[in-house]
Structure formats: C-alpha cells, structure tokens
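Text of my_file_37.txt (compact mmCIF, C-alpha atoms and all ligand atoms) as supplied:
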```txt
# COMPACT_ATOMS: atom_id res chain seq x y z
CA MET A 1 -3.68 172.52 183.06
CA ASN A 2 -1.74 171.37 186.09
CA ALA A 3 1.71 170.34 184.88
CA ASP A 4 1.63 166.98 186.69
CA LEU A 5 -1.84 166.25 185.35
CA GLN A 6 -0.63 167.04 181.84
CA ARG A 7 2.43 164.80 182.23
CA LEU A 8 0.46 161.96 183.75
CA THR A 9 -1.89 162.10 180.77
CA GLU A 10 1.13 161.75 178.49
CA LEU A 11 2.59 159.04 180.70
CA GLU A 12 -0.60 157.02 180.52
CA LYS A 13 -0.57 157.20 176.70
CA ILE A 14 3.02 155.97 176.68
CA ASP A 15 2.28 153.19 179.17
CA ARG A 16 -0.71 151.99 177.17
CA GLU A 17 1.22 151.94 173.93
CA ALA A 18 4.14 150.17 175.62
CA SER A 19 1.87 147.46 177.01
CA ARG A 20 0.20 147.04 173.62
CA LEU A 21 3.61 146.61 171.97
CA THR A 22 4.81 144.25 174.71
CA GLU A 23 1.78 142.03 174.22
CA GLU A 24 2.26 142.12 170.47
CA VAL A 25 5.91 141.05 170.82
CA ALA A 26 4.87 138.25 173.18
CA GLY A 27 2.10 137.11 170.81
CA LEU A 28 4.28 136.82 167.69
CA PRO A 29 6.17 133.63 168.66
CA LYS A 30 2.83 132.01 169.51
CA ARG A 31 1.54 132.80 166.04
CA VAL A 32 4.66 131.33 164.45
CA ALA A 33 4.37 128.24 166.69
CA ALA A 34 0.77 127.72 165.58
CA ILE A 35 1.79 127.81 161.91
CA GLU A 36 4.70 125.47 162.59
CA ALA A 37 2.29 123.02 164.22
CA LYS A 38 0.21 123.09 161.04
CA LEU A 39 3.39 122.51 159.04
CA ALA A 40 4.20 119.48 161.20
CA GLU A 41 0.73 118.11 160.44
CA HIS A 42 1.37 118.38 156.70
CA LYS A 43 4.80 116.77 157.13
CA ALA A 44 3.13 113.89 158.95
CA ALA A 45 0.58 113.57 156.11
CA VAL A 46 3.43 113.30 153.59
CA GLU A 47 5.19 110.66 155.71
CA LYS A 48 1.95 108.72 156.11
CA ALA A 49 1.32 108.73 152.34
CA LYS A 50 4.90 107.57 151.72
CA ALA A 51 4.55 104.79 154.29
CA ARG A 52 1.31 103.62 152.65
CA ILE A 53 3.00 103.49 149.24
CA LYS A 54 5.91 101.55 150.71
CA GLY A 55 3.53 99.11 152.44
CA ASN A 56 1.63 98.68 149.20
CA GLU A 57 4.84 97.82 147.31
CA THR A 58 5.95 95.35 149.98
CA THR A 59 2.59 93.55 149.88
CA ARG A 60 2.70 93.48 146.09
CA ARG A 61 6.19 91.93 146.05
CA GLN A 62 4.95 89.35 148.57
CA MET A 63 2.00 88.52 146.30
CA GLU A 64 4.31 88.15 143.29
CA ALA A 65 6.57 85.83 145.28
CA ASP A 66 3.52 83.79 146.33
CA ILE A 67 2.39 83.49 142.71
CA LYS A 68 5.86 82.29 141.74
CA GLY A 69 5.73 79.70 144.53
CA PHE A 70 2.33 78.41 143.40
CA GLN A 71 3.48 78.29 139.76
CA GLU A 72 6.49 76.20 140.78
CA LYS A 73 4.19 73.87 142.71
CA ILE A 74 1.92 73.52 139.65
CA ALA A 75 4.90 72.70 137.45
CA LYS A 76 6.03 70.10 139.99
CA TYR A 77 2.55 68.52 140.20
CA ARG A 78 2.29 68.37 136.42
CA SER A 79 5.64 66.66 136.07
CA GLN A 80 4.64 64.20 138.83
CA SER A 81 1.35 63.49 137.06
CA SER A 82 3.12 61.77 134.16
CA SER A 83 4.53 59.13 136.51
CA VAL A 84 1.49 58.38 138.73
CA LYS A 85 0.21 54.81 138.84
CA THR A 86 -3.45 55.26 139.80
CA ASN A 87 -6.37 57.49 138.89
CA ASP A 88 -6.78 58.47 142.53
CA GLU A 89 -3.20 59.69 142.67
CA TYR A 90 -3.73 61.59 139.45
CA ARG A 91 -6.95 63.21 140.73
CA ALA A 92 -5.21 64.18 143.97
CA LEU A 93 -2.46 65.92 142.01
CA MET A 94 -4.99 67.72 139.77
CA HIS A 95 -6.79 68.81 142.91
CA GLU A 96 -3.54 70.37 144.18
CA VAL A 97 -3.05 72.08 140.83
CA GLU A 98 -6.57 73.50 140.97
CA PHE A 99 -6.00 74.76 144.51
CA ALA A 100 -2.72 76.46 143.51
CA GLU A 101 -4.40 78.06 140.48
CA LYS A 102 -7.13 79.47 142.73
CA GLN A 103 -4.45 80.87 145.03
CA ILE A 104 -2.72 82.49 142.04
CA SER A 105 -6.00 84.01 140.91
CA GLY A 106 -6.60 85.39 144.41
CA CYS A 107 -3.12 86.92 144.45
CA GLU A 108 -3.70 88.50 141.04
CA ASP A 109 -6.95 90.08 142.26
CA LYS A 110 -5.13 91.42 145.28
CA ILE A 111 -2.34 92.85 143.08
CA LEU A 112 -4.93 94.66 140.98
CA GLU A 113 -6.47 96.12 144.11
CA LEU A 114 -3.01 97.19 145.28
CA MET A 115 -2.33 98.89 141.93
CA ILE A 116 -5.54 100.90 142.20
CA GLY A 117 -4.70 101.73 145.82
CA LEU A 118 -1.22 102.78 144.78
CA GLU A 119 -2.62 105.27 142.26
CA ASN A 120 -4.73 106.88 145.00
CA ASP A 121 -1.84 106.89 147.45
CA GLU A 122 0.42 108.54 144.89
CA LYS A 123 -2.21 111.21 144.23
CA ALA A 124 -2.58 111.80 147.98
CA LEU A 125 1.18 112.09 148.31
CA LYS A 126 1.35 114.69 145.54
CA VAL A 127 -1.38 116.78 147.21
CA ALA A 128 0.28 116.51 150.63
CA GLU A 129 3.66 117.44 149.18
CA ALA A 130 2.21 120.47 147.37
CA GLU A 131 0.48 121.61 150.58
CA LEU A 132 3.69 121.15 152.50
CA LYS A 133 5.60 123.23 149.98
CA THR A 134 3.10 126.12 150.18
CA GLU A 135 2.96 125.83 153.95
CA SER A 136 6.76 125.88 154.26
CA ALA A 137 6.93 129.07 152.22
CA ASP A 138 4.19 130.61 154.40
CA VAL A 139 6.03 129.69 157.58
CA GLU A 140 9.21 131.28 156.32
CA LYS A 141 7.36 134.45 155.37
CA GLU A 142 5.51 134.52 158.69
CA LYS A 143 8.75 134.02 160.59
CA ALA A 144 10.45 136.80 158.64
CA ASP A 145 7.45 139.11 159.22
CA ALA A 146 7.48 138.29 162.93
CA ARG A 147 11.20 139.03 163.13
CA VAL A 148 10.75 142.40 161.40
CA ARG A 149 7.72 143.29 163.51
CA THR A 150 9.47 142.27 166.72
CA ALA A 151 12.51 144.37 165.87
CA GLU A 152 10.29 147.37 165.06
CA ASP A 153 8.25 146.95 168.23
CA GLU A 154 11.35 146.62 170.34
CA LYS A 155 12.78 149.77 168.84
CA LEU A 156 9.53 151.62 169.57
CA LEU A 157 9.50 150.19 173.09
CA ALA A 158 13.03 151.41 173.71
CA GLY A 159 11.98 154.90 172.61
CA LEU A 160 8.90 154.80 174.82
CA LYS A 161 11.00 153.62 177.75
CA GLU A 162 13.20 156.68 177.39
CA GLN A 163 10.23 159.05 177.09
CA ARG A 164 8.62 157.36 180.06
CA ALA A 165 11.72 157.74 182.23
CA THR A 166 12.02 161.42 181.34
CA ILE A 167 8.38 162.21 182.08
CA ARG A 168 8.46 160.31 185.36
CA THR A 169 11.32 162.44 186.66
CA MET A 170 9.16 165.50 186.03
CA VAL A 171 6.12 164.36 188.04
CA ASN A 172 5.59 164.89 191.74
CA ASP A 173 6.48 161.70 193.68
CA SER A 174 3.18 161.18 195.48
CA ALA A 175 1.14 161.78 192.32
CA LEU A 176 3.40 159.33 190.50
CA ALA A 177 3.04 156.72 193.25
CA HIS A 178 -0.74 157.08 193.07
CA TYR A 179 -0.66 156.78 189.29
CA ASP A 180 1.44 153.59 189.48
CA ARG A 181 -0.83 152.02 192.06
CA VAL A 182 -4.05 152.66 190.12
CA MET A 183 -2.42 151.70 186.81
CA ARG A 184 -1.32 148.37 188.29
CA GLN A 185 -4.76 147.58 189.61
CA ARG A 186 -7.00 148.98 186.90
CA LYS A 187 -4.86 149.10 183.73
CA SER A 188 -5.73 152.81 183.42
CA ALA A 189 -4.90 155.56 185.87
CA LEU A 190 -6.77 158.55 184.52
CA ALA A 191 -10.40 159.13 183.74
CA GLU A 192 -12.35 161.97 182.26
CA ALA A 193 -14.90 163.60 184.53
CA ARG A 194 -18.03 164.62 182.68
CA ASP A 195 -21.51 165.58 183.83
CA GLN A 196 -20.17 165.52 187.37
CA LYS A 197 -19.35 161.82 186.94
CA CYS A 198 -16.18 159.75 186.68
CA MET A 199 -16.45 158.34 183.15
CA ALA A 200 -14.59 155.16 184.17
CA CYS A 201 -16.74 154.02 187.09
CA PHE A 202 -19.71 156.40 186.59
CA VAL A 203 -19.84 157.42 190.22
CA MET A 204 -20.86 161.05 190.88
CA VAL A 205 -18.38 163.50 192.34
CA ARG A 206 -19.36 166.12 194.90
CA PRO A 207 -20.32 169.56 193.49
CA GLN A 208 -17.36 171.28 195.09
CA THR A 209 -14.94 168.63 193.79
CA TRP A 210 -16.55 168.97 190.37
CA GLN A 211 -15.80 172.68 190.36
CA GLU A 212 -12.16 171.91 191.23
CA ILE A 213 -11.89 169.22 188.58
CA ARG A 214 -13.19 171.64 185.96
CA THR A 215 -10.17 173.88 186.47
CA ASN A 216 -7.74 171.00 185.76
CA GLU A 217 -5.43 172.75 188.20
CA GLN A 218 -5.14 170.00 190.81
CA ILE A 219 -4.59 166.27 191.02
CA ILE A 220 -8.01 165.04 192.12
CA THR A 221 -8.81 161.35 192.36
CA CYS A 222 -12.13 159.56 192.04
CA ASN A 223 -13.38 158.51 195.47
CA SER A 224 -14.77 155.34 194.02
CA CYS A 225 -12.16 153.95 191.57
CA GLY A 226 -9.12 156.02 192.53
CA ARG A 227 -8.41 157.22 189.01
CA ILE A 228 -7.02 160.71 188.53
CA LEU A 229 -9.80 162.86 187.09
CA TYR A 230 -9.46 165.46 184.38
CA PHE A 231 -11.94 167.67 182.64
CA ASP A 232 -12.24 168.03 178.88
CA PRO A 233 -14.09 171.26 178.01
CA ALA A 234 -14.78 169.85 174.54
CA ASN A 235 -17.13 167.35 176.16
CA GLU A 236 -18.99 169.92 178.26
CA VAL A 237 -22.65 168.92 178.20
CA ALA A 238 -23.88 172.50 177.86
CA ALA A 239 -21.77 173.01 174.75
CA PRO A 240 -23.87 171.75 171.85
CA GLU A 241 -21.90 169.26 169.82
CA PRO A 242 -22.82 167.22 166.77
CA ALA A 243 -24.40 164.07 168.17
CA ARG A 244 -22.13 161.75 166.22
CA LYS A 245 -18.91 163.24 167.57
CA LYS A 246 -20.19 163.11 171.13
CA LYS A 247 -21.14 159.49 170.75
CA ALA A 248 -17.72 158.55 169.40
CA ARG A 249 -15.95 160.27 172.28
CA ALA A 250 -18.17 158.57 174.82
CA ALA A 251 -17.33 155.20 173.30
CA GLU A 252 -13.64 155.99 173.66
CA VAL A 253 -13.72 156.69 177.38
CA GLU A 254 -16.20 154.00 178.26
CA THR A 255 -13.82 151.20 177.39
CA GLU A 256 -12.73 150.78 181.03
CA PRO A 257 -11.25 148.67 182.40
CA GLU A 258 -12.10 145.16 181.17
CA GLN A 259 -12.85 146.26 177.62
CA ALA A 260 -9.64 148.25 177.58
CA GLU A 261 -7.75 145.09 178.42
CA GLN A 262 -9.39 143.22 175.59
CA GLU A 263 -8.55 145.98 173.19
CA THR A 264 -4.84 145.58 173.79
CA THR A 265 -4.96 141.85 173.24
CA PRO A 266 -3.72 140.99 169.74
CA THR A 267 -6.75 140.17 167.66
CA SER A 268 -5.14 137.37 165.71
CA THR A 269 -6.45 134.01 166.82
CA GLN A 270 -5.07 130.72 165.76
ZN ZN B 301 -14.08 156.51 189.15
```

As structure tokens - that is how I would like this structure written.
Amino acid sequence: MNADLQRLTELEKIDREASRLTEEVAGLPKRVAAIEAKLAEHKAAVEKAKARIKGNETTRRQMEADIKGFQEKIAKYRSQSSSVKTNDEYRALMHEVEFAEKQISGCEDKILELMIGLENDEKALKVAEAELKTESADVEKEKADARVRTAEDEKLLAGLKEQRATIRTMVNDSALAHYDRVMRQRKSALAEARDQKCMACFVMVRPQTWQEIRTNEQIITCNSCGRILYFDPANEVAAPEPARKKKARAAEVETEPEQAEQETTPTSTQ
C-alpha cells in the first residue's frame, strides 16, 4: 500500500476517535447539569412541603386565638346576663352567645381539617426529603463519574494528539491538505472503493481509475465526493465470502456521512 494512503487511513481513525472523545467530554457537563436540575426540582418540592406545614400551623394558631376570643366574649355576655333588666336585653345577649358558639364550632371544624391536612403534608415532606437524599447521592456519584471519565478522555485525547502530529509530519503536504479539506466538509476523508464504486457516495469510478485504485499504490480521490479511495481485497466481489460477514462490512462503510455523525453523538439523552 502507498505509504501516504496507509498513514491517512491511520490518521482518519485517530481523528474519528478524537472527535468522539471530544464530544463525550463536552456532553458530560450537560448530563450533570440535567441531573442537577432534577435535584433542584426535588429541593423545591421539599421547600414547598415545609411552607405548607408552616402555613398550616400559622392558620391553626390563628383559629385557636379566635376560639379564645369567642370564649372570652361568651364569658363576658354570661356575666352581663345576670345584671340585665329586660327579657329583650337577655335574649340579645343569648343571641350573641349562640353566635360566638357557632363561630367556635366552625373554628374547631377548621382545626380538624388542618390536622388531617398536616398529616398529609408531613407524609409528603418525608417522601420529598427521601427522594432528595437519594438524588443528592446520585448527583455526587454522577459528578465523580463525569470527572473520572473526563480525565480519562483528556488523557486519551492528549495521546491521540501526539500520534496525530507525528503521522501528519509523515504525509505528503498536498495529500494532507486534501484530507483536511474533505474531513472538514464530510466528517470522513477516506472511502472504500468496491465493485467499481465509491462506497461513501456510490458513484461509479472509471475502469482505468478502478484498476489504479485496486493497486492501492496512489492517492486517488472520488470525482463525486472527493474522498480518498482505497481498495480492500477482502471485500472483492469475486472472492466468495460468507454472506453474513459481507453484510456486516457493508454496514460499516455505508454509515456515511450523516449516519457517521449520529454515531459519534453520545447516546445518553436527558
Ligand atoms: Zn465518493
């Protein structure tokens, strides 16, 4: 195989792996941020439950104060009733007493409702607090995992960067410039030629070019997509191959270029 062709093949592998790792590193903080947003939701649920309990207690104290006020009024009316002169005055006072007693009864009903509500609020708070605790632990673990993964990826990337720089110095300048241009535009710079076709864009190559590609001795580019073409004798159509293997290999090279992009996107969704 042509030395440049061989090196460009290696370079493309390195570039693909580097871009996969770069995307992974970029995706990790987003994943952590998504989990932290969920954590904030649970924190808000805890605060809401606490606020409801507090509100419940305030209302209850208000009701108790109201009851006390009405009881004082009743006591006052009763003491006044012993010194009234007329039946009308007496009836008026008893009417006030009756009204105050009704108010007290209403407050007591409300207090009972509040007590039942409080039980539910306290249960809700316990659930929210338990969820928050689990979630907090998950976030910490996720953050730690992301830190470890990022450090590993960055180490790998540094290694790839070195390998990349070394290989690039060994490739002919014009071939390298062509590689860079196609890589930038199409996310892949090389394509297998099979059956006289570019396996990336499926455009036929001329018979003479096909013969040249088959030697793998020159840098030959696809007239249609610009990718550098190489020939893999293992995929020669004439050579009978188990159908399954052939199919798998075809699937590998056909992921160009949009599918290839999707492949490198981290699969984790929020
Ligand atoms: Zn092509």

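Nearest to A:Cys198 of all the residues A:Ser19, A:Gln185, A:Thr221, A:Gln6 is A:Thr221, based on all atoms listed in the file.
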
Checklist line | Residue nearest ligand ZN 301 (chain B) - candidates A:Lys197, A:Arg91, A:Arg214, A:Lys50, atoms counted: all atoms listed in the file | finding: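 Of A:Lys197, A:Arg91, A:Arg214, A:Lys50, the one nearest ligand ZN 301 (chain B), counting all atoms listed in the file, is A:Lys197.
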
Next item on the list: Please identify the residues whose atoms come within 10 Å of ligand ZN 301 (chain B), using all atoms listed in the file, and report them as a ChimeraX atom specification.
Entry: /A:189-193,197-205,221-229

Next item on the list: Extract, using all atoms listed in the file, all DNA, RNA and protein residues at most 12 Å from stretch 105-113 of chain A, discarding same-chain residues fewer than 2 positions from it, and format them as number ranges by chain.
Entry: A: 56-71, 98-103, 115-120

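Between A:Tyr230 and the candidates A:Arg186, A:Arg206, A:Lys76, A:Arg194, the tightest atom-to-atom separation, counting all atoms listed in the file, involves A:Arg194.
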
Check which residues of stretch 43-84 of chain A sit at most 9 Å from stretch 123-147 of chain A using only C-alpha atoms, and return one row each with the closest pair of atoms and their distance in Å to one decimal, ordered by chain and rising number, as a tab-separated table.
```
residue	atom	partner	partner_atom	distance
A:Lys43	CA	A:Leu132	CA	6.5
A:Ala45	CA	A:Ala128	CA	6.2
A:Val46	CA	A:Ala128	CA	5.4
A:Glu47	CA	A:Leu125	CA	8.5
A:Lys48	CA	A:Leu125	CA	8.5
A:Ala49	CA	A:Leu125	CA	5.2
A:Lys50	CA	A:Leu125	CA	6.8
A:Ile53	CA	A:Leu125	CA	8.8
```

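For the pair atom CA of A:Asp180 and atom CA of A:Glu217, the separation is 20.4 Å.
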
Residues within 8 Å of A:Val97, only C-alpha atoms, excluding chain neighbours under 4 positions, as an mmCIF file with C-alpha atoms, keeping the file's coordinate frame:
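Okay, around10.cif is ready:
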```cif
data_model
loop_
_atom_site.group_PDB
_atom_site.id
_atom_site.type_symbol
_atom_site.label_atom_id
_atom_site.label_comp_id
_atom_site.auth_asym_id
_atom_site.auth_seq_id
_atom_site.Cartn_x
_atom_site.Cartn_y
_atom_site.Cartn_z
ATOM 1 C CA LYS A 73 4.190 73.870 142.710
ATOM 2 C CA ILE A 74 1.920 73.520 139.650
ATOM 3 C CA TYR A 77 2.550 68.520 140.200
ATOM 4 C CA ARG A 78 2.290 68.370 136.420
ATOM 5 C CA LEU A 93 -2.460 65.920 142.010
ATOM 6 C CA GLU A 101 -4.400 78.060 140.480
#
```

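With distances restricted to only C-alpha atoms, A:Leu21 is the closest residue to A:Thr150 from A:Leu5, A:Leu21, A:Val182, A:Ala33.
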
Next item on the list: Return the single residue from A:Glu154, A:Met1, A:Leu8, A:Glu236 that is closest to A:His178, with distances computed using all atoms listed in the file.
Entry: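 Smallest separation from A:His178 among the options: A:Leu8.
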
Next item on the list: Take atom CA of A:Lys30 and atom CA of A:Glu152 and report the distance between them in Å, one decimal.
Entry: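 These atoms are spaced 17.6 Å apart.
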
Margin query: Just checking: using all atoms listed in the file, which residue out of A:Asn172, A:Gln163, A:Pro233, A:Lys13 ends up closest to A:Gln218?
Written below: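 Nearest to A:Gln218: A:Asn172.
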
Notebook entry, point to check: How many Å separate atom CA of A:Ala151 from atom CA of A:Arg20?
Noted result: 14.8 Å
